[in-house]
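One structure below.
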Amino acid sequence: MIAKAKSISHGINDIRYITGETENKEHPECIFHVKDNLLQPGLDATGIWESMKLAAAGSPRVRNTVIRIELSPAPEHTKGFSLADWRKLWDEFVGEFDGIELLDKNGRTYSPKTNLKGSKGTVWLHEESESGIPHLHGAYCRIDEDGRVNNDHDIHLRAQRAAERVALKRGWTTARQVRETNIGQVNRDCMEVLQSMDRWSWNEYAARLRDKGYEILELRDSKKILHGYALVKGNASYKASKLGKGRNLTASRIEATWKKLYQARPVPQNTPAAKPGTPAVAKPSASRHGYASYKPGTVSYDLNVQGKDFRYYIPEEAAEVFNNEFDYRETANHKELTDMAVALFVGLVDTPVVPSSGGGGSNDESPWGRKEDEDDREWARRCARMAARCMGRKPKSGYRR
C-alpha cells in the first residue's frame with residue numbers, strides 16, 4: 001500500500017478535485033463520498049473550504065492550510081470492499097498517521113504527533129476511469145479544533161510509514177517482503193546520490209539520503225571515526241554491508257566507490273545553437289549558477305538536454321512554487337512547463353523568447369534576468385509565468401480553476 005501526503009496552499013482546488021466539483025466533470029460516476037470529519041453534513045466543496053478557513057483563522061501565519069493525502073492499496077486487497085470497509089481502512093491509516101513521532105539521529109523529536117482525528121477533513125474514493133483501480137483522497141485542515149497546528153515536516157515520511165504499518169497489521173505484506181521489494185530501490189538511491197556528488201563528503205552523502213526519506217544510523221568509535229552505518233526507512237533497516245555489490249557501499253569502501261563513479265562521469269559539452277523561435281540554451285552545467293551541489297533546503301531536479309540528463313538542486317520554496325503553478329491535476333503539460341521554469345531559474349535558458357501576440361512587441365519583462373533584491377520565491381514565480389508564456393498552458397479536461 002502506498003500513501004502520499006503534502007501540505008498545500010491551494011486547498012479549494014484540491015477539495016473541488018477530490019469531490020468531483022469541477023466545471024467539466026469527467027467520470028463523476030467514479031467518485032464516491034467516504035466520510036467527513038468534524039464537518040456539518042451535506043457541505044459542498046466551497047462549504048468544506050469555508051469551514052476549514054474558519055478553523056485556520058486563528059493561525060494567519062500558516063500559509064499551507066490543508067493537508068492533501070492519497071492512499072492507494074493494491075487492488076487485490078480491496079476487491080469487494082464496501083464504503084464501510086474503505087472508511088475503516090482510512091480510520092486505521094489516520095490512527096497510525098497521528099501516532100507517528102519523527103526523531104532525528106540523536107533521538108530528538110523534530111516532527112511531533114499530528115491530530116488529524118481532531119481536525120476537519122473530507123475523504124473520497126476515486127476509481128480510475130480505464131482500469132477501475134480504486135484509491136482514496138483526503139483533505140484535512142492543518143489546524144485542529146483546539147487551534148494547534150498539525151506539523152508537516154517530512155509529512156511524506158509520516159504517510160509512508162503509516163501505510164506500511166496498516167499493511168503489515170492487515171497481513172497485506174510482511175516486513176521481509178517490504179525489505180526485499182525495497183532493497184533494489186535503496187541500492188539505486190545510494191548510487192544515484194554518489195553519482196551526483198562533485199566531491200566526496202560523508203556529511204553530504206548522508207544529507208542527500210535524508211532528503212530521499214532515509215534515517216541514517218552511524219557506528220562511530222570514541223574518536224568519532226565512522227566504522228559502519230545502516231539506512232532505515234519505514235519499518236525496514238538496511239546494513240551498508242548488505243547493500244551494493246561486493247560491499248562497495250560500506251563505510252571503509254564508499255569513498256573509493258564514489259571516486260570510481262566520479263572519474264567515469266561524462267563531461268558535458270556545449271549544445272548547438274537553438275533553432276529560431278526557441279529559447280537560447282546555455283552550456284548544460286549548473287556550476288556557474290550555483291545549483292550544481294546539494295545544500296540544506298534544496299531538492300533535486302533532473303533536466304534532459306539533447307538526450308543527456310543533468311541534475312540541479314533548487315530551493316524548496318522554488319519547487320513549491322512550480323508544483324502549485326503547474327498542478328499535475330490541472331495542467332496537461334505540467335512536466336514540460338516545470339522543465340522550462342527550472343531551466344529559467346537555474347540559468348540554463350539565457351534568452352526566453354515569447355511568441356508574438358500580433359503586435360510585434362517583445363515580452364514586458366525584458367531584459368530577462370534575476371533582480372539583485374529578488375528572493376527565491378519571487379524569482380520562481382517570474383520563471384513560472386515566463387514558462388507559461390513561452391509554451392502555453394494546456395488545461396486537463398475535467399479540471400478547471
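Letters A, B, ... go to the chains of the C-alpha cells in the order shown; residues in each chain start at 1; ligands are counted from 1 in the same order.
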I want to know what sits within 6 Å of segment 130-146 of chain A, based on only C-alpha atoms, with residues of the same chain fewer than 5 positions away left out; could you give that as a ChimeraX atom specification? /A:52,56,65-72,118-125
Residue neighbourhood segment 372-377 of chain A, 8 Å, only C-alpha atoms, exclusion window fewer than 5 positions, as a VMD selection string: chain A and resid 315 317 to 318 321
Only N, CA and C atoms, please: the residues just picked out, written as a tab-separated table (two decimals), in the first residue's frame.
chain	number	residue	atom	x	y	z
A	315	PRO	N	16.01	25.53	-4.58
A	315	PRO	CA	15.44	25.74	-3.25
A	315	PRO	C	14.05	25.12	-3.14
A	317	GLU	N	11.53	26.29	-1.71
A	317	GLU	CA	10.50	27.30	-1.99
A	317	GLU	C	10.20	27.40	-3.48
A	318	ALA	N	11.25	27.30	-4.31
A	318	ALA	CA	11.05	27.36	-5.76
A	318	ALA	C	10.28	26.13	-6.24
A	321	VAL	N	6.66	26.53	-5.53
A	321	VAL	CA	6.01	27.45	-6.47
A	321	VAL	C	5.67	26.71	-7.77
Gap from atom CA of Lys113 of chain A to atom CA of Asp98 of chain A - Å, one decimal: 5.5 Å
Record the distance separating atom CA of Gly228 of chain A and atom CA of Glu215 of chain A, expressed in Å with one decimal. 14.0 Å
List the neighbours of Met191 of chain A out to 9 Å using only C-alpha atoms; skip same-chain residues closer than 4 positions along the sequence, and give me the result as number ranges by chain. A: 186-187, 195-196, 244, 249, 258, 261
Next, dump the selected residues to file, keeping only C-alpha atoms, as a tab-separated table (two decimals), in the first residue's frame.
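Here's the written file out_13.tsv:
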chain	number	residue	atom	x	y	z
A	186	VAL	CA	17.77	1.54	-1.71
A	187	ASN	CA	20.77	0.47	-3.78
A	195	GLN	CA	26.94	9.76	-8.92
A	196	SER	CA	25.56	13.26	-8.35
A	244	GLY	CA	25.67	-2.60	-3.33
A	249	LEU	CA	28.86	0.87	-0.04
A	258	TRP	CA	32.45	7.50	-5.26
A	261	LEU	CA	31.89	6.85	-10.35
Can you tell me, as JSON, numbers by chain, what residues are no more than 12 Å from Ile2 of chain A when counting only C-alpha atoms, ignoring any on the same chain fewer than 5 positions away? {"A": [69, 70, 71, 72, 73, 74, 75, 93, 135, 136, 156, 157, 158, 159, 160, 161, 162, 163, 164, 165, 166, 167, 172, 173, 178, 234]}
Coordinates-based distance that separates atom CA of Leu303 of chain A from atom CA of Ala384 of chain A (Å, one decimal):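 Atom CA of Ala384 of chain A sits 15.8 Å away from atom CA of Leu303 of chain A.
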Please report as a Markdown table every residue of segment 31-100 of chain A lying within 8 Å of segment 13-20 of chain A, along with the nearest atom pair and their distance in Å (one decimal), using only C-alpha atoms.
| residue | atom | partner | partner_atom | distance |
| --- | --- | --- | --- | --- |
| A:Ile31 | CA | A:Gly20 | CA | 6.8 |
| A:Phe32 | CA | A:Thr19 | CA | 7.9 |
| A:His33 | CA | A:Thr19 | CA | 7.5 |
| A:Ala45 | CA | A:Arg16 | CA | 5.5 |
| A:Thr46 | CA | A:Arg16 | CA | 7.9 |
| A:Ile48 | CA | A:Ile15 | CA | 7.9 |
| A:Trp49 | CA | A:Ile15 | CA | 7.4 |
| A:Arg68 | CA | A:Asp14 | CA | 7.5 |
